[in-house]
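This is run06.txt. It holds compact mmCIF, C-alpha atoms and all ligand atoms.
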# COMPACT_ATOMS: atom_id res chain seq x y z
CA MET A 1 0.00 0.00 0.00
CA GLU A 2 1.19 3.48 -0.84
CA GLN A 3 2.37 5.55 2.10
CA CYS A 4 -0.23 8.10 3.13
CA MET A 5 0.68 11.63 4.14
CA SER A 6 -1.04 11.77 7.49
CA GLU A 7 -0.50 12.30 11.20
CA PHE A 8 -2.54 9.18 11.92
CA ARG A 9 -1.41 5.60 12.34
CA VAL A 10 -1.53 3.96 8.93
CA ASP A 11 -3.78 1.12 10.15
CA LEU A 12 -6.16 3.43 12.04
CA MET A 13 -9.14 2.18 10.00
CA ALA A 14 -8.06 -1.43 9.49
CA GLY A 15 -11.04 -3.80 9.47
CA LYS A 16 -13.55 -0.97 9.05
CA VAL A 17 -16.04 -0.53 6.23
CA ALA A 18 -17.12 2.98 5.23
CA LEU A 19 -19.77 4.39 2.91
CA VAL A 20 -19.07 7.88 1.56
CA THR A 21 -21.89 9.58 -0.32
CA GLY A 22 -20.71 11.86 -3.07
CA GLY A 23 -17.42 9.99 -2.85
CA GLY A 24 -16.60 10.23 -6.56
CA THR A 25 -15.39 13.82 -6.57
CA GLY A 26 -14.19 16.73 -4.45
CA ILE A 27 -14.02 16.50 -0.68
CA GLY A 28 -15.88 13.15 -0.70
CA LYS A 29 -13.24 11.58 -2.91
CA VAL A 30 -10.45 12.76 -0.60
CA ILE A 31 -12.36 11.46 2.43
CA ALA A 32 -12.78 8.07 0.73
CA ARG A 33 -9.09 8.02 -0.18
CA GLN A 34 -7.89 8.90 3.31
CA LEU A 35 -10.17 6.32 4.92
CA GLY A 36 -8.85 3.78 2.41
CA LEU A 37 -5.18 4.71 2.86
CA HIS A 38 -5.69 4.09 6.59
CA GLY A 39 -7.01 0.59 5.97
CA ALA A 40 -10.79 0.93 5.51
CA ARG A 41 -12.70 -0.73 2.70
CA VAL A 42 -14.72 2.00 1.06
CA ALA A 43 -18.03 2.13 -0.79
CA ILE A 44 -18.79 5.32 -2.68
CA CYS A 45 -22.04 6.43 -4.26
CA SER A 46 -23.23 9.32 -6.38
CA ARG A 47 -25.34 10.05 -9.43
CA LYS A 48 -22.65 9.43 -12.06
CA LEU A 49 -21.42 5.87 -12.48
CA GLU A 50 -18.57 6.76 -14.86
CA VAL A 51 -17.18 9.26 -12.34
CA LEU A 52 -17.42 6.69 -9.53
CA GLU A 53 -15.69 4.04 -11.62
CA ALA A 54 -12.81 6.36 -12.49
CA THR A 55 -12.36 7.22 -8.80
CA ALA A 56 -12.51 3.55 -7.77
CA ALA A 57 -9.81 2.72 -10.34
CA GLU A 58 -7.65 5.54 -8.99
CA LEU A 59 -8.10 4.34 -5.41
CA ALA A 60 -7.45 0.72 -6.44
CA SER A 61 -4.11 1.82 -7.93
CA GLU A 62 -3.20 2.95 -4.39
CA GLY A 63 -4.17 -0.41 -2.92
CA ILE A 64 -7.59 0.68 -1.66
CA GLU A 65 -10.55 -1.71 -1.84
CA CYS A 66 -13.40 0.36 -3.23
CA ILE A 67 -16.84 -0.50 -4.57
CA VAL A 68 -19.24 1.86 -6.28
CA PHE A 69 -23.01 2.32 -6.36
CA GLN A 70 -24.95 4.63 -8.62
CA ALA A 71 -27.38 6.25 -6.20
CA ASP A 72 -28.95 9.67 -6.05
CA ILE A 73 -29.49 10.08 -2.31
CA ARG A 74 -33.00 11.36 -3.04
CA ASP A 75 -33.84 7.90 -4.42
CA ILE A 76 -34.60 5.73 -1.40
CA GLU A 77 -34.54 2.45 -3.32
CA ALA A 78 -31.15 3.24 -4.86
CA VAL A 79 -29.84 4.17 -1.41
CA GLU A 80 -31.11 0.90 0.05
CA ARG A 81 -29.47 -1.01 -2.81
CA ALA A 82 -26.14 0.69 -2.08
CA VAL A 83 -26.33 -0.15 1.61
CA ALA A 84 -27.41 -3.75 0.93
CA GLY A 85 -24.68 -4.12 -1.71
CA THR A 86 -22.01 -2.94 0.72
CA LEU A 87 -23.21 -5.40 3.37
CA GLU A 88 -23.40 -8.20 0.83
CA ARG A 89 -19.83 -7.55 -0.23
CA TRP A 90 -18.16 -6.96 3.12
CA GLY A 91 -20.69 -7.96 5.79
CA ALA A 92 -20.21 -4.74 7.73
CA LEU A 93 -20.71 -1.00 7.57
CA ASP A 94 -19.07 0.85 10.44
CA ILE A 95 -18.73 4.39 9.16
CA LEU A 96 -21.17 6.50 7.18
CA VAL A 97 -20.02 9.83 5.77
CA ASN A 98 -22.94 11.91 4.52
CA ASN A 99 -21.00 14.14 2.16
CA ALA A 100 -23.22 14.38 -0.93
CA ALA A 101 -24.81 17.79 -1.44
CA GLY A 102 -26.27 20.04 -4.08
CA ASN A 103 -25.97 23.78 -4.16
CA PHE A 104 -25.75 26.93 -6.25
CA PRO A 105 -25.63 30.61 -5.36
CA ALA A 106 -28.97 32.38 -5.78
CA ARG A 107 -30.87 35.23 -4.18
CA ILE A 108 -34.12 34.31 -2.42
CA GLU A 109 -36.13 36.21 -5.01
CA ASP A 110 -34.54 34.16 -7.78
CA LEU A 111 -35.12 30.79 -6.11
CA SER A 112 -38.12 28.99 -7.57
CA TYR A 113 -40.18 26.88 -5.19
CA ASN A 114 -38.67 23.84 -6.84
CA ALA A 115 -35.11 25.20 -6.53
CA PHE A 116 -35.45 25.53 -2.75
CA LYS A 117 -37.08 22.10 -2.52
CA THR A 118 -34.38 20.51 -4.68
CA VAL A 119 -31.56 21.60 -2.38
CA ALA A 120 -33.54 20.68 0.74
CA ASP A 121 -34.31 17.26 -0.80
CA ILE A 122 -30.65 16.55 -1.54
CA VAL A 123 -29.01 17.99 1.54
CA LEU A 124 -31.49 17.38 4.34
CA GLN A 125 -33.84 14.65 3.14
CA GLY A 126 -30.95 12.86 1.38
CA THR A 127 -28.88 12.81 4.57
CA PHE A 128 -31.89 11.40 6.42
CA ASN A 129 -32.49 8.78 3.70
CA VAL A 130 -28.98 7.35 3.82
CA THR A 131 -28.68 7.55 7.60
CA LYS A 132 -31.98 5.77 8.14
CA ALA A 133 -31.11 3.08 5.59
CA VAL A 134 -27.75 2.40 7.26
CA PHE A 135 -29.28 2.47 10.74
CA THR A 136 -31.99 -0.01 9.82
CA ALA A 137 -29.74 -2.35 7.85
CA ILE A 138 -26.84 -2.61 10.30
CA MET A 139 -26.02 0.16 12.78
CA LYS A 140 -29.05 -0.40 15.01
CA GLU A 141 -27.62 -3.82 15.73
CA ARG A 142 -23.86 -3.17 15.59
CA GLY A 143 -23.34 0.52 16.28
CA GLY A 144 -21.07 2.75 14.26
CA ALA A 145 -20.05 6.29 13.45
CA VAL A 146 -22.05 8.70 11.29
CA ILE A 147 -20.34 11.86 10.10
CA ASN A 148 -22.36 14.54 8.38
CA ILE A 149 -20.60 17.17 6.33
CA THR A 150 -22.46 20.30 7.42
CA ALA A 151 -21.58 23.98 7.06
CA PRO A 152 -20.41 26.81 9.31
CA PHE A 153 -23.80 28.50 8.97
CA GLU A 154 -25.11 27.49 12.33
CA HIS A 155 -25.49 30.89 13.91
CA MET A 156 -25.45 33.12 10.85
CA GLY A 157 -27.57 34.00 7.87
CA VAL A 158 -25.93 33.65 4.46
CA SER A 159 -26.89 35.82 1.51
CA TRP A 160 -27.14 33.90 -1.79
CA GLN A 161 -27.32 30.68 0.22
CA ALA A 162 -30.69 30.78 2.01
CA HIS A 163 -31.67 27.38 0.60
CA ALA A 164 -28.37 25.61 1.38
CA ALA A 165 -27.98 27.28 4.77
CA ALA A 166 -31.49 26.25 5.81
CA ALA A 167 -30.88 22.68 4.66
CA LYS A 168 -27.45 22.42 6.30
CA SER A 169 -28.82 23.87 9.55
CA GLY A 170 -31.42 21.11 9.38
CA VAL A 171 -28.62 18.56 9.04
CA ILE A 172 -26.89 20.01 12.12
CA SER A 173 -30.11 19.69 14.11
CA PHE A 174 -30.65 16.14 12.81
CA THR A 175 -27.07 15.31 13.81
CA ARG A 176 -27.81 16.26 17.42
CA SER A 177 -31.15 14.47 17.55
CA ALA A 178 -29.74 11.26 16.10
CA ALA A 179 -26.76 11.47 18.49
CA ALA A 180 -29.16 11.77 21.41
CA GLU A 181 -31.54 9.05 20.25
CA TRP A 182 -28.88 6.51 19.32
CA ALA A 183 -26.30 7.05 22.09
CA GLY A 184 -27.46 3.88 23.84
CA LEU A 185 -26.94 1.85 20.67
CA GLY A 186 -23.24 2.65 20.31
CA ILE A 187 -23.82 4.98 17.39
CA ARG A 188 -21.99 8.30 17.42
CA VAL A 189 -23.29 11.02 15.12
CA ASN A 190 -21.20 14.11 14.50
CA GLY A 191 -20.98 16.95 12.03
CA ILE A 192 -18.01 18.57 10.35
CA ALA A 193 -18.48 22.13 9.15
CA PRO A 194 -15.89 22.96 6.50
CA GLY A 195 -14.78 26.56 6.16
CA GLU A 196 -13.34 27.78 2.91
CA ILE A 197 -11.84 24.70 1.31
CA GLY A 198 -9.82 25.05 -1.88
CA GLN A 199 -9.69 22.65 -4.82
CA THR A 200 -13.42 21.99 -4.78
CA GLU A 201 -16.20 22.65 -7.24
CA GLY A 202 -18.38 24.23 -4.56
CA VAL A 203 -15.83 26.87 -3.61
CA ASP A 204 -14.90 27.51 -7.24
CA ARG A 205 -18.51 28.32 -8.03
CA LEU A 206 -19.09 30.38 -4.89
CA ALA A 207 -15.66 32.01 -5.01
CA ASP A 208 -16.84 35.58 -5.51
CA THR A 209 -18.63 35.55 -2.19
CA LEU A 210 -15.79 34.05 -0.16
CA THR A 211 -12.66 35.33 1.53
CA SER A 212 -9.45 33.49 2.35
CA GLU A 213 -8.68 35.68 5.38
CA THR A 214 -8.74 32.96 8.02
CA GLN A 215 -6.86 32.92 11.29
CA VAL A 216 -4.40 30.35 9.98
CA ARG A 217 -3.82 32.50 6.89
CA ARG A 218 -4.56 29.86 4.33
CA VAL A 219 -7.46 28.28 2.54
CA GLY A 220 -8.29 24.81 3.82
CA SER A 221 -7.66 21.64 1.84
CA PRO A 222 -9.90 18.60 1.39
CA GLU A 223 -7.30 16.73 3.47
CA ASP A 224 -8.11 19.02 6.41
CA ILE A 225 -11.68 17.75 6.25
CA ALA A 226 -10.60 14.14 5.73
CA ASN A 227 -8.36 14.37 8.82
CA ALA A 228 -11.35 15.47 10.89
CA VAL A 229 -13.34 12.54 9.48
CA LEU A 230 -10.55 10.12 10.42
CA PHE A 231 -10.51 11.46 13.97
CA LEU A 232 -14.29 11.43 14.48
CA ALA A 233 -14.63 7.98 12.90
CA SER A 234 -11.85 6.53 15.05
CA ASP A 235 -11.98 5.18 18.58
CA ALA A 236 -10.02 8.25 19.68
CA ALA A 237 -13.39 10.04 19.42
CA ALA A 238 -15.28 7.33 21.32
CA TYR A 239 -16.65 9.89 23.82
CA ILE A 240 -17.63 12.48 21.23
CA SER A 241 -21.13 12.58 19.80
CA GLY A 242 -23.51 15.32 18.70
CA VAL A 243 -20.88 17.94 17.96
CA ASN A 244 -20.61 20.10 14.86
CA LEU A 245 -16.86 20.48 14.50
CA TYR A 246 -15.79 23.60 12.63
CA VAL A 247 -12.79 22.92 10.40
CA ASP A 248 -12.30 26.45 9.20
CA GLY A 249 -8.93 27.72 10.39
CA GLY A 250 -10.62 29.77 13.10
CA SER A 251 -12.49 32.04 10.67
CA GLY A 252 -15.83 31.21 12.28
CA VAL A 253 -14.80 32.88 15.54
CA ASP A 254 -13.23 35.93 13.90
CA MET A 255 -15.65 38.86 13.99
CA LEU A 256 -13.43 41.41 12.25
CA LYS A 257 -11.53 39.21 9.81
CA VAL A 258 -8.60 41.59 9.94
CA PRO A 259 -5.31 39.74 10.45
CA VAL A 260 -3.30 41.00 13.45
CA TYR A 261 -0.14 39.00 12.75
CA GLU A 262 1.05 38.27 9.23
N1 LIG A 301 -30.07 29.45 -9.68
C1 LIG A 301 -31.41 29.37 -9.44
N2 LIG A 301 -32.13 28.22 -9.59
C2 LIG A 301 -31.43 27.12 -9.98
C3 LIG A 301 -30.05 27.13 -10.23
C4 LIG A 301 -29.37 28.37 -10.09
N3 LIG A 301 -28.04 28.46 -10.32
N4 LIG A 301 -29.68 25.86 -10.60
C5 LIG A 301 -30.79 25.11 -10.56
N5 LIG A 301 -31.85 25.86 -10.19
C6 LIG A 301 -33.24 25.42 -10.08
C7 LIG A 301 -33.75 24.91 -11.40
O1 LIG A 301 -34.16 25.98 -12.24
C8 LIG A 301 -34.92 24.02 -10.95
O2 LIG A 301 -36.04 24.78 -10.62
P1 LIG A 301 -37.30 24.93 -11.65
O3 LIG A 301 -37.80 23.53 -11.89
O4 LIG A 301 -38.29 25.77 -10.91
O5 LIG A 301 -36.76 25.59 -12.88
C9 LIG A 301 -34.41 23.44 -9.65
O6 LIG A 301 -33.36 24.30 -9.20
C10 LIG A 301 -33.85 22.05 -9.81
O7 LIG A 301 -32.81 22.09 -10.77
P2 LIG A 301 -32.39 20.80 -11.64
O8 LIG A 301 -31.18 21.14 -12.40
O9 LIG A 301 -33.59 20.30 -12.35
O10 LIG A 301 -32.13 19.76 -10.44
P3 LIG A 301 -31.15 18.56 -10.36
O11 LIG A 301 -31.74 17.69 -9.33
O12 LIG A 301 -30.85 17.99 -11.69
O13 LIG A 301 -29.78 19.21 -9.82
C11 LIG A 301 -28.33 20.35 -8.32
C12 LIG A 301 -29.77 20.03 -8.70
C13 LIG A 301 -28.38 21.29 -7.13
C14 LIG A 301 -27.63 19.10 -7.89
C15 LIG A 301 -27.61 21.03 -9.51
O14 LIG A 301 -27.68 22.40 -9.39
C16 LIG A 301 -26.19 20.62 -9.68
O15 LIG A 301 -25.93 19.66 -10.39
N6 LIG A 301 -25.22 21.33 -9.05
C17 LIG A 301 -23.82 21.04 -9.20
C18 LIG A 301 -23.36 19.94 -8.28
C19 LIG A 301 -23.34 20.37 -6.88
O16 LIG A 301 -24.24 21.02 -6.43
N7 LIG A 301 -22.31 20.00 -6.13
C20 LIG A 301 -22.22 20.33 -4.74
C21 LIG A 301 -21.33 21.51 -4.53
S1 LIG A 301 -21.52 22.14 -2.87
Starting from the file, give its structure as structure tokens.
Ligand code: COA
Amino acid sequence: MEQCMSEFRVDLMAGKVALVTGGGTGIGKVIARQLGLHGARVAICSRKLEVLEATAAELASEGIECIVFQADIRDIEAVERAVAGTLERWGALDILVNNAAGNFPARIEDLSYNAFKTVADIVLQGTFNVTKAVFTAIMKERGGAVINITAPFEHMGVSWQAHAAAAKSGVISFTRSAAAEWAGLGIRVNGIAPGEIGQTEGVDRLADTLTSETQVRRVGSPEDIANAVLFLASDAAAYISGVNLYVDGGSGVDMLKVPVYE
């Protein structure tokens, strides 16, 4: 297996099976790769089979066992097929990363009723669909770790993002409720709120509305998010559930966004 650039033990995820939604591209692909480089077997799903297959081939070339499922997370039957297929193949599913999302910048007045519903269906309902399917099929019995990729919009309004912010805030609330309800079943449910992460389609498209003035003076990388996933999915986080962990270089706590030290 290729050496992974990471602070974590290389076999941190040995014996674990993970499902990463939206794992064919962007942050999801890097999360899948990092889980795999640390020993997990990884299932990825998204809408585009050819994209998934290309990613799986790339991961396989690094020694990662990866299977793919074409599944729009709005399609409950496709989601259930992906979960069942993972269990059929590997007999386990320990880690779920709800990463898939859909978004575009738009003012409220330009959002059609269907536009708002579409983003809510993908982000909030889709997260529920996959989480419920995994819970029912395996985690209720065996426990596990669910990690929801949220957003740092928890306490703020966001112009041009009313639809996505509302949906992501719903995911944060669902994260807490599921953490509370399932604590006795050995299921931990946590959120990760990425700040401004470079090298992603989402940030490229929203770039005009973003700033890179974070406390750590750099834009985040998908690996920063994947590292947080590794931590929260690992036994090192055994006593952590229901949090929404900001991975944003401190920008979320910076009121003025004026650097004091260069
Ligand atoms: N501004 C305003 N409305 C928009 C829009 C935009 N940029 N893009 C889509 N919509 C509206 C559509 O007009 C449609 O509403 P209508 O039926 O009233 O016209 C509604 O949203 C659904 O759009 P559609 O393209 O039919 O939905 P879809 O399910 O095929 O795809 C997305 C929805 C969000 C996934 C799509 O915008 C997309 O593919 N985005 C890029 C991928 C992505 O979001 N990645 C995540 C990055 S964070």
May I ask you to write as a ChimeraX atom specification all residues lying at most 8 Å from ligand LIG 301 (chain A), with all atoms listed in the file counted?
/A:100-107,110-119,122,200-203
Do you have, as a Markdown table, the list of residues of stretch 89-165 of chain A lying at most 12 Å from stretch 236-249 of chain A, each with its nearest atom pair and that distance in Å to one decimal, counting all atoms listed in the file and ordered by chain then number?
| residue | atom | partner | partner_atom | distance |
| --- | --- | --- | --- | --- |
| A:Gly143 | CA | A:Ala238 | CA | 11.7 |
| A:Gly144 | CA | A:Ala238 | CA | 10.2 |
| A:Ala145 | CA | A:Ser241 | CA | 9.0 |
| A:Val146 | CA | A:Ser241 | CA | 9.4 |
| A:Ile147 | CA | A:Asn244 | CA | 9.5 |
| A:Asn148 | CA | A:Asn244 | CA | 8.7 |
| A:Ile149 | CA | A:Asn244 | CA | 9.0 |
| A:Thr150 | CA | A:Asn244 | CA | 7.7 |
| A:Ala151 | CA | A:Tyr246 | CA | 8.0 |
| A:Pro152 | CA | A:Tyr246 | CA | 6.5 |
| A:Phe153 | CA | A:Tyr246 | CA | 10.1 |
| A:Glu154 | CA | A:Asn244 | CA | 9.0 |
| A:His155 | CA | A:Asn244 | CA | 11.9 |
Min atom-atom distance to A:Arg81 from the set A:Thr127, A:Asn190, A:Val97, A:Val134, counting all atoms listed in the file, belongs to A:Val134
Coordinates-based distance that separates atom CA of A:Ile197 from atom CA of A:Ala133 (Å, one decimal):
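Separation between atom CA of A:Ala133 and atom CA of A:Ile197: 29.3 Å.
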Straight-line distance linking atom CA of A:Gln70 with atom CA of A:Lys48, stated in Å to one decimal
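Atom CA of A:Lys48 lies at a distance of 6.3 Å from atom CA of A:Gln70.
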Closest to A:Arg74 among A:Arg47, A:Arg89, A:Arg176, A:Lys29, using only C-alpha atoms?
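Under the stated criterion, the closest residue is A:Arg47.
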Keeping just N, CA and C atoms, export stretch 33-44 of chain A of this structure as a CSV table (one decimal), in the first residue's frame.
chain,number,residue,atom,x,y,z
A,33,ARG,N,-10.5,8.4,0.0
A,33,ARG,CA,-9.1,8.0,-0.2
A,33,ARG,C,-8.4,7.9,1.2
A,34,GLN,N,-8.6,8.9,2.0
A,34,GLN,CA,-7.9,8.9,3.3
A,34,GLN,C,-8.4,7.7,4.2
A,35,LEU,N,-9.7,7.5,4.2
A,35,LEU,CA,-10.2,6.3,4.9
A,35,LEU,C,-9.5,5.1,4.4
A,36,GLY,N,-9.4,5.0,3.0
A,36,GLY,CA,-8.9,3.8,2.4
A,36,GLY,C,-7.4,3.6,2.7
A,37,LEU,N,-6.6,4.8,2.6
A,37,LEU,CA,-5.2,4.7,2.9
A,37,LEU,C,-4.9,4.3,4.3
A,38,HIS,N,-5.9,4.5,5.2
A,38,HIS,CA,-5.7,4.1,6.6
A,38,HIS,C,-6.3,2.7,6.9
A,39,GLY,N,-6.6,2.0,5.8
A,39,GLY,CA,-7.0,0.6,6.0
A,39,GLY,C,-8.5,0.3,5.8
A,40,ALA,N,-9.4,1.2,5.7
A,40,ALA,CA,-10.8,0.9,5.5
A,40,ALA,C,-11.1,0.4,4.1
A,41,ARG,N,-12.1,-0.4,4.0
A,41,ARG,CA,-12.7,-0.7,2.7
A,41,ARG,C,-13.8,0.3,2.5
A,42,VAL,N,-13.9,0.8,1.3
A,42,VAL,CA,-14.7,2.0,1.1
A,42,VAL,C,-15.7,1.8,-0.1
A,43,ALA,N,-17.0,2.1,0.2
A,43,ALA,CA,-18.0,2.1,-0.8
A,43,ALA,C,-18.3,3.6,-1.1
A,44,ILE,N,-18.5,3.9,-2.3
A,44,ILE,CA,-18.8,5.3,-2.7
A,44,ILE,C,-20.0,5.3,-3.6
